[in-house]
Amino acid sequence: MYGINPWLRFSRVYLSHIKSFQVSKARFSLSYGTRAEFFENSSEAIQDIPDNARLLVGGFGLCGIPENLISAIYKKGIKDLTVVSNNAGVDNFGLGLLLQTKQIKRMVASYVGENTEFERQYLSGELEVEFVPQGSLAERIRAGGAGIPAFYTPTAYGTLVEEGGAPVKYNSDGSIALASEAKEVREFNGQSYILEEAITGDFALVKAWKADKLGNLIFRRSTPNFNVPMCKAGRVTIAEVEEIVEIGEIPPEQIHVPSIYVQRVLLGKAFEKRIERLKFHKSGNTLARTPAEKKREKIIKRAALELKDGMYVNLGIGIPVLASNYIPPGITVHLHGENGVLGLGPYPLENEQDADLINAGKETVTVLPGASFFPSEESFAMIRGGHIQLTMLGGMEVSRYGDLSNWMIPGQLVKGMGGAMDLVASRYMGTKVVVTMEHTAKGNAPKIVESCSLPITGKKCVDMIITEKGVFDVDKENGLTLVEIADGITVEDIISTTACQFEISPGLKPMGQI
């Protein structure tokens, strides 16, 4: 009766009227009803990004970064950029290239990592930096893409992030030229939360594995990380991909980012896929050799006793991640990485590493049967929602009542908080927080103190402290109790190297080892 199916007729008319989108240099407004444009030349894909643009750049460390797009911006010399990214690559690769040429005016990031130029520019007053807890950063970007202007989170309550005063820009003499502003605080069910505002960008630069010719994207292994939320929060999203396939070749149920979020697709060339921290599984004798290694081994062998069968566990970088080597036999522990992996396995054998598979410490890893991958905002939903039973973190200082400092020494050392503020905030949802650290810092300065002298990561958040000398239980109202003591250590030794009072358990026992 109607001849051609009216829905088919409509779709044909619609497709015939699709126009190439146009980007206004004033507000980068995206025309509606548009289809992704495809490029083979990276300089053409970024040709209308102007100076002073706000860029959202995907990736985690060097894993899943849009390296061809970054290189094109570097070569074009686009300057005075505000860049939102979890971190800034390394000195000579990724966003580190744009830092070397001082094309970035301001970074919004969670972790400096090992980028010494990033840290140098920030401390010398050449670069503005807004540090954001990693989970809050992911959620702020997700909210921006979802049209939610702001949200409340327990993460960072009681820290400089909430109180304001964190250095955003230093003067050349080391004084603070610009400090962060205080956040609004509201109480829900007796718990304090801070207001975080959404993040959007003029352009989002992301890296995917494959795109089809409509612009649907899929990602490989641990590369969804910050790429997925950033796809949705940019007015113009440019996706750099390894392969372009025909429409229909990617099953609908396997698409990670629908084409509605993608305006341009670049077929990337000559991917380097550098690995930040190449780690291999070592067979044979792996006993600790140096005094420092022996000290860390003693700490982590005790910490591994906190791992119970069936637990979902997050292990921080440094000493905590070593616990994965000492999981007690006969139990199953599900290791979670905040970069978007559940079911982490051991380091790979030599020559079996995969640049698309890393842990939160940017180390090469493997995954176990039953593992899963997901974007960063999903990873932190697991954390803040209390779905992780145990988290282990390192520490610079822990106070008598469980405050933790582990992210910066103002004017000297700035690594960023990464996901630590989110992880300790999960304590309010029932997650146990264990700090593993050496008992004293360099020069034998105590790290267990009456009150933290460094900016804190979380207030009254630590449940247990494990050092090479012993184990303390932490009561948030009554303070510390020494419950285990290491072989060859006396109570007097612990008293002399601990800068606060503590109780001694009547049942004080030898420090356990796996």
# chains A, B, ... in the order shown; residues from 1 in each chain; ligands from 1
>>> residues_around(residues="Ile148 in chain A", least_positions_apart="5", cutoff="10 Å", atoms="only C-alpha atoms", output="PyMOL selection string")
chain A and resi 140-143+197-199
>>> write_last_selection(atoms="N, CA and C atoms", output="compact mmCIF listing (two decimals), in the first residue's frame")
# COMPACT_ATOMS: atom_id res chain seq x y z
N ARG A 140 33.87 13.52 37.14
CA ARG A 140 33.59 14.87 36.65
C ARG A 140 33.49 14.86 35.12
N ILE A 141 34.34 14.08 34.47
CA ILE A 141 34.28 13.98 33.02
C ILE A 141 33.02 13.24 32.59
N ARG A 142 32.71 12.14 33.30
CA ARG A 142 31.49 11.39 32.97
C ARG A 142 30.25 12.29 33.12
N ALA A 143 30.22 13.06 34.22
CA ALA A 143 29.09 13.95 34.46
C ALA A 143 28.99 15.00 33.35
N GLU A 197 32.35 19.90 40.40
CA GLU A 197 31.70 20.33 39.17
C GLU A 197 32.16 19.49 37.98
N ALA A 198 31.26 19.36 37.02
CA ALA A 198 31.53 18.56 35.82
C ALA A 198 32.63 19.20 34.97
N ILE A 199 33.26 18.37 34.16
CA ILE A 199 34.30 18.82 33.23
C ILE A 199 33.87 18.49 31.81
>>> closest_atom_pairs(of="range 143-262 of chain A", to="range 413-427 of chain A", cutoff="8 Å", atoms="only C-alpha atoms", output="CSV")
residue,atom,partner,partner_atom,distance
A:Pro154,CA,A:Ala425,CA,6.1
A:Thr155,CA,A:Asp422,CA,5.1
A:Ala156,CA,A:Met421,CA,5.6
>>> select_by_dssp(residues="range 198-305 of chain A", states="alpha helix (DSSP H)", output="VMD selection string")
chain A and resid 227 to 233 291 to 303
>>> closest_residue(among="A:Gly96, A:Gly330, A:Pro346, A:Gly318", to="Thr116 in chain A", atoms="only C-alpha atoms")
A:Gly96
>>> residues_around(residues="Glu272 in chain A", least_positions_apart="3", cutoff="10 Å", atoms="only C-alpha atoms", output="list in words")
Glu67, Asn68, Phe93, Lys269, Ile275 and Ala355 of chain A
>>> residues_around(residues="Leu335 in chain A", least_positions_apart="2", cutoff="9 Å", atoms="only C-alpha atoms", output="count of residues only")
13
>>> residues_around(residues="Leu278 in chain A", least_positions_apart="2", cutoff="10 Å", atoms="only C-alpha atoms", output="PyMOL selection string")
chain A and resi 274-276+280+347-348+350+353-355+358+362-365
>>> closest_residue(among="A:Asp51, A:Glu163, A:Asp309, A:Glu450", to="Ala182 in chain A", atoms="only C-alpha atoms")
A:Glu163
>>> select_by_dssp(residues="range 1-240 of chain A", states="strand (DSSP E or B)", output="NGL selection string")
:A and (37-39 or 54-57 or 60 or 63 or 81-84 or 90 or 93 or 104-109 or 128-131 or 150-153 or 167-170 or 176-179 or 185-188 or 191-197 or 201-207 or 210-212 or 217-218 or 234-240)
>>> closest_residue(among="A:Pro167, A:Gly158, A:Gly385, A:Pro149", to="Ile194 in chain A", atoms="only C-alpha atoms")
A:Gly158
>>> atom_distance(atom1="CA of Thr440 in chain A", atom2="CA of Thr497 in chain A")
7.0 Å
>>> residues_around(residues="Ile65 in chain A", least_positions_apart="3", cutoff="8 Å", atoms="only C-alpha atoms", output="count of residues only")
9
>>> residues_around(residues="range 100-113 of chain A", least_positions_apart="4", cutoff="6 Å", atoms="only C-alpha atoms", output="VMD selection string")
chain A and resid 79 to 87 127 to 134 415 to 416 418
>>> write_last_selection(atoms="N, CA, C and O atoms", output="PDB file, in the first residue's frame")
ATOM      1  N   LYS A  79      49.306  26.388  21.086  1.00  0.00           N
ATOM      2  CA  LYS A  79      49.847  26.757  22.401  1.00  0.00           C
ATOM      3  C   LYS A  79      48.759  27.245  23.348  1.00  0.00           C
ATOM      4  O   LYS A  79      47.592  27.370  22.982  1.00  0.00           O
ATOM      5  N   ASP A  80      49.203  27.508  24.596  1.00  0.00           N
ATOM      6  CA  ASP A  80      48.336  28.000  25.676  1.00  0.00           C
ATOM      7  C   ASP A  80      47.146  27.073  25.907  1.00  0.00           C
ATOM      8  O   ASP A  80      46.018  27.517  26.166  1.00  0.00           O
ATOM      9  N   LEU A  81      47.419  25.782  25.848  1.00  0.00           N
ATOM     10  CA  LEU A  81      46.368  24.781  25.993  1.00  0.00           C
ATOM     11  C   LEU A  81      46.062  24.502  27.460  1.00  0.00           C
ATOM     12  O   LEU A  81      46.953  24.506  28.312  1.00  0.00           O
ATOM     13  N   THR A  82      44.798  24.252  27.745  1.00  0.00           N
ATOM     14  CA  THR A  82      44.399  23.642  29.012  1.00  0.00           C
ATOM     15  C   THR A  82      44.121  22.175  28.704  1.00  0.00           C
ATOM     16  O   THR A  82      43.277  21.870  27.853  1.00  0.00           O
ATOM     17  N   VAL A  83      44.859  21.290  29.353  1.00  0.00           N
ATOM     18  CA  VAL A  83      44.756  19.860  29.051  1.00  0.00           C
ATOM     19  C   VAL A  83      44.245  19.115  30.273  1.00  0.00           C
ATOM     20  O   VAL A  83      44.796  19.240  31.373  1.00  0.00           O
ATOM     21  N   VAL A  84      43.185  18.357  30.080  1.00  0.00           N
ATOM     22  CA  VAL A  84      42.634  17.492  31.118  1.00  0.00           C
ATOM     23  C   VAL A  84      43.036  16.070  30.786  1.00  0.00           C
ATOM     24  O   VAL A  84      42.668  15.533  29.736  1.00  0.00           O
ATOM     25  N   SER A  85      43.826  15.462  31.659  1.00  0.00           N
ATOM     26  CA  SER A  85      44.301  14.095  31.429  1.00  0.00           C
ATOM     27  C   SER A  85      44.710  13.504  32.757  1.00  0.00           C
ATOM     28  O   SER A  85      45.143  14.233  33.658  1.00  0.00           O
ATOM     29  N   ASN A  86      44.576  12.198  32.897  1.00  0.00           N
ATOM     30  CA  ASN A  86      44.935  11.584  34.176  1.00  0.00           C
ATOM     31  C   ASN A  86      46.359  11.924  34.577  1.00  0.00           C
ATOM     32  O   ASN A  86      46.651  12.208  35.727  1.00  0.00           O
ATOM     33  N   ASN A  87      47.270  11.888  33.630  1.00  0.00           N
ATOM     34  CA  ASN A  87      48.648  12.338  33.870  1.00  0.00           C
ATOM     35  C   ASN A  87      49.210  12.848  32.542  1.00  0.00           C
ATOM     36  O   ASN A  87      48.453  13.048  31.605  1.00  0.00           O
ATOM     37  N   LEU A 127      53.973  26.388  35.065  1.00  0.00           N
ATOM     38  CA  LEU A 127      52.806  25.605  34.665  1.00  0.00           C
ATOM     39  C   LEU A 127      51.764  25.643  35.772  1.00  0.00           C
ATOM     40  O   LEU A 127      52.089  25.450  36.944  1.00  0.00           O
ATOM     41  N   GLU A 128      50.509  25.875  35.391  1.00  0.00           N
ATOM     42  CA  GLU A 128      49.411  25.782  36.338  1.00  0.00           C
ATOM     43  C   GLU A 128      48.929  24.333  36.388  1.00  0.00           C
ATOM     44  O   GLU A 128      48.786  23.687  35.340  1.00  0.00           O
ATOM     45  N   VAL A 129      48.672  23.840  37.603  1.00  0.00           N
ATOM     46  CA  VAL A 129      48.212  22.455  37.756  1.00  0.00           C
ATOM     47  C   VAL A 129      47.077  22.398  38.766  1.00  0.00           C
ATOM     48  O   VAL A 129      47.214  22.874  39.898  1.00  0.00           O
ATOM     49  N   GLU A 130      45.961  21.844  38.338  1.00  0.00           N
ATOM     50  CA  GLU A 130      44.865  21.537  39.258  1.00  0.00           C
ATOM     51  C   GLU A 130      44.876  20.028  39.478  1.00  0.00           C
ATOM     52  O   GLU A 130      44.568  19.255  38.571  1.00  0.00           O
ATOM     53  N   PHE A 131      45.268  19.612  40.692  1.00  0.00           N
ATOM     54  CA  PHE A 131      45.254  18.189  41.002  1.00  0.00           C
ATOM     55  C   PHE A 131      43.850  17.781  41.437  1.00  0.00           C
ATOM     56  O   PHE A 131      43.236  18.422  42.292  1.00  0.00           O
ATOM     57  N   VAL A 132      43.374  16.687  40.850  1.00  0.00           N
ATOM     58  CA  VAL A 132      42.031  16.177  41.133  1.00  0.00           C
ATOM     59  C   VAL A 132      42.149  14.700  41.475  1.00  0.00           C
ATOM     60  O   VAL A 132      42.836  13.960  40.752  1.00  0.00           O
ATOM     61  N   PRO A 133      41.517  14.233  42.548  1.00  0.00           N
ATOM     62  CA  PRO A 133      41.521  12.789  42.819  1.00  0.00           C
ATOM     63  C   PRO A 133      41.067  12.017  41.582  1.00  0.00           C
ATOM     64  O   PRO A 133      40.140  12.427  40.876  1.00  0.00           O
ATOM     65  N   GLN A 134      41.710  10.898  41.338  1.00  0.00           N
ATOM     66  CA  GLN A 134      41.500  10.188  40.080  1.00  0.00           C
ATOM     67  C   GLN A 134      40.045   9.782  39.854  1.00  0.00           C
ATOM     68  O   GLN A 134      39.521   9.927  38.745  1.00  0.00           O
ATOM     69  N   LYS A 415      53.705  14.286  43.375  1.00  0.00           N
ATOM     70  CA  LYS A 415      53.345  13.193  42.478  1.00  0.00           C
ATOM     71  C   LYS A 415      51.851  13.198  42.167  1.00  0.00           C
ATOM     72  O   LYS A 415      51.405  12.613  41.205  1.00  0.00           O
ATOM     73  N   GLY A 416      51.067  13.858  43.014  1.00  0.00           N
ATOM     74  CA  GLY A 416      49.624  13.816  42.852  1.00  0.00           C
ATOM     75  C   GLY A 416      49.019  12.693  43.659  1.00  0.00           C
ATOM     76  O   GLY A 416      49.691  11.744  44.046  1.00  0.00           O
ATOM     77  N   GLY A 418      46.601  10.608  42.724  1.00  0.00           N
ATOM     78  CA  GLY A 418      46.120   9.437  42.003  1.00  0.00           C
ATOM     79  C   GLY A 418      44.758   9.019  42.523  1.00  0.00           C
ATOM     80  O   GLY A 418      43.886   9.850  42.765  1.00  0.00           O
TER      81      GLY A 418
END
>>> atom_distance(atom1="CA of Gly361 in chain A", atom2="CA of Met396 in chain A")
17.7 Å
>>> decode(residues="range 348-359 of chain A", atoms="all heavy atoms", output="compact mmCIF listing (two decimals), in the first residue's frame")
# COMPACT_ATOMS: atom_id res chain seq x y z
N PRO A 348 53.93 -10.68 33.18
CA PRO A 348 54.07 -11.63 32.06
C PRO A 348 55.47 -12.22 31.99
O PRO A 348 56.42 -11.66 32.55
CB PRO A 348 53.79 -10.75 30.84
CG PRO A 348 54.24 -9.39 31.26
CD PRO A 348 53.91 -9.27 32.73
N LEU A 349 55.58 -13.32 31.29
CA LEU A 349 56.90 -13.86 30.99
C LEU A 349 57.57 -12.94 29.97
O LEU A 349 56.91 -12.19 29.25
CB LEU A 349 56.78 -15.27 30.42
CG LEU A 349 56.19 -16.32 31.37
CD1 LEU A 349 55.99 -17.64 30.62
CD2 LEU A 349 57.09 -16.53 32.59
N GLU A 350 58.89 -13.01 29.90
CA GLU A 350 59.61 -12.15 28.98
C GLU A 350 59.15 -12.41 27.54
O GLU A 350 58.93 -13.55 27.14
CB GLU A 350 61.12 -12.40 29.10
CG GLU A 350 61.95 -11.33 28.45
CD GLU A 350 63.39 -11.33 28.92
OE1 GLU A 350 63.73 -12.15 29.80
OE2 GLU A 350 64.18 -10.51 28.41
N ASN A 351 58.96 -11.33 26.79
CA ASN A 351 58.49 -11.34 25.40
C ASN A 351 57.01 -11.66 25.26
O ASN A 351 56.52 -11.84 24.14
CB ASN A 351 59.32 -12.30 24.53
CG ASN A 351 60.77 -11.89 24.46
OD1 ASN A 351 61.08 -10.70 24.35
ND2 ASN A 351 61.67 -12.87 24.54
N GLU A 352 56.28 -11.74 26.37
CA GLU A 352 54.84 -11.98 26.30
C GLU A 352 54.05 -10.77 26.80
O GLU A 352 52.85 -10.85 27.02
CB GLU A 352 54.47 -13.23 27.11
CG GLU A 352 55.01 -14.52 26.49
CD GLU A 352 54.54 -15.76 27.21
OE1 GLU A 352 53.72 -15.65 28.14
OE2 GLU A 352 55.00 -16.87 26.84
N GLN A 353 54.72 -9.63 26.97
CA GLN A 353 54.04 -8.43 27.45
C GLN A 353 53.11 -7.87 26.38
O GLN A 353 53.28 -8.12 25.20
CB GLN A 353 55.07 -7.36 27.85
CG GLN A 353 55.85 -6.76 26.68
CD GLN A 353 57.10 -7.54 26.33
OE1 GLN A 353 57.29 -8.68 26.75
NE2 GLN A 353 57.98 -6.92 25.54
N ASP A 354 52.13 -7.11 26.82
CA ASP A 354 51.15 -6.49 25.94
C ASP A 354 51.03 -5.03 26.35
O ASP A 354 50.65 -4.72 27.48
CB ASP A 354 49.80 -7.19 26.08
CG ASP A 354 48.76 -6.69 25.07
OD1 ASP A 354 48.87 -5.55 24.61
OD2 ASP A 354 47.81 -7.44 24.79
N ALA A 355 51.36 -4.11 25.45
CA ALA A 355 51.33 -2.68 25.77
C ALA A 355 49.93 -2.20 26.11
O ALA A 355 49.77 -1.15 26.75
CB ALA A 355 51.89 -1.87 24.60
N ASP A 356 48.91 -2.94 25.71
CA ASP A 356 47.53 -2.56 26.01
C ASP A 356 47.03 -3.15 27.32
O ASP A 356 45.84 -3.03 27.63
CB ASP A 356 46.59 -3.01 24.88
CG ASP A 356 46.77 -2.19 23.61
OD1 ASP A 356 47.28 -1.06 23.72
OD2 ASP A 356 46.42 -2.69 22.53
N LEU A 357 47.92 -3.76 28.09
CA LEU A 357 47.51 -4.38 29.35
C LEU A 357 48.49 -4.00 30.45
O LEU A 357 49.62 -4.50 30.50
CB LEU A 357 47.44 -5.90 29.20
CG LEU A 357 47.08 -6.69 30.46
CD1 LEU A 357 45.79 -6.17 31.08
CD2 LEU A 357 46.95 -8.18 30.14
N ILE A 358 48.06 -3.08 31.31
CA ILE A 358 48.89 -2.62 32.42
C ILE A 358 48.06 -2.59 33.69
O ILE A 358 46.83 -2.70 33.65
CB ILE A 358 49.48 -1.21 32.16
CG1 ILE A 358 48.34 -0.18 32.03
CG2 ILE A 358 50.36 -1.20 30.92
CD1 ILE A 358 48.80 1.25 32.11
N ASN A 359 48.75 -2.43 34.83
CA ASN A 359 48.05 -2.18 36.09
C ASN A 359 48.09 -0.70 36.40
O ASN A 359 48.59 0.11 35.61
CB ASN A 359 48.64 -3.03 37.22
CG ASN A 359 50.11 -2.70 37.51
OD1 ASN A 359 50.62 -1.65 37.12
ND2 ASN A 359 50.78 -3.61 38.19
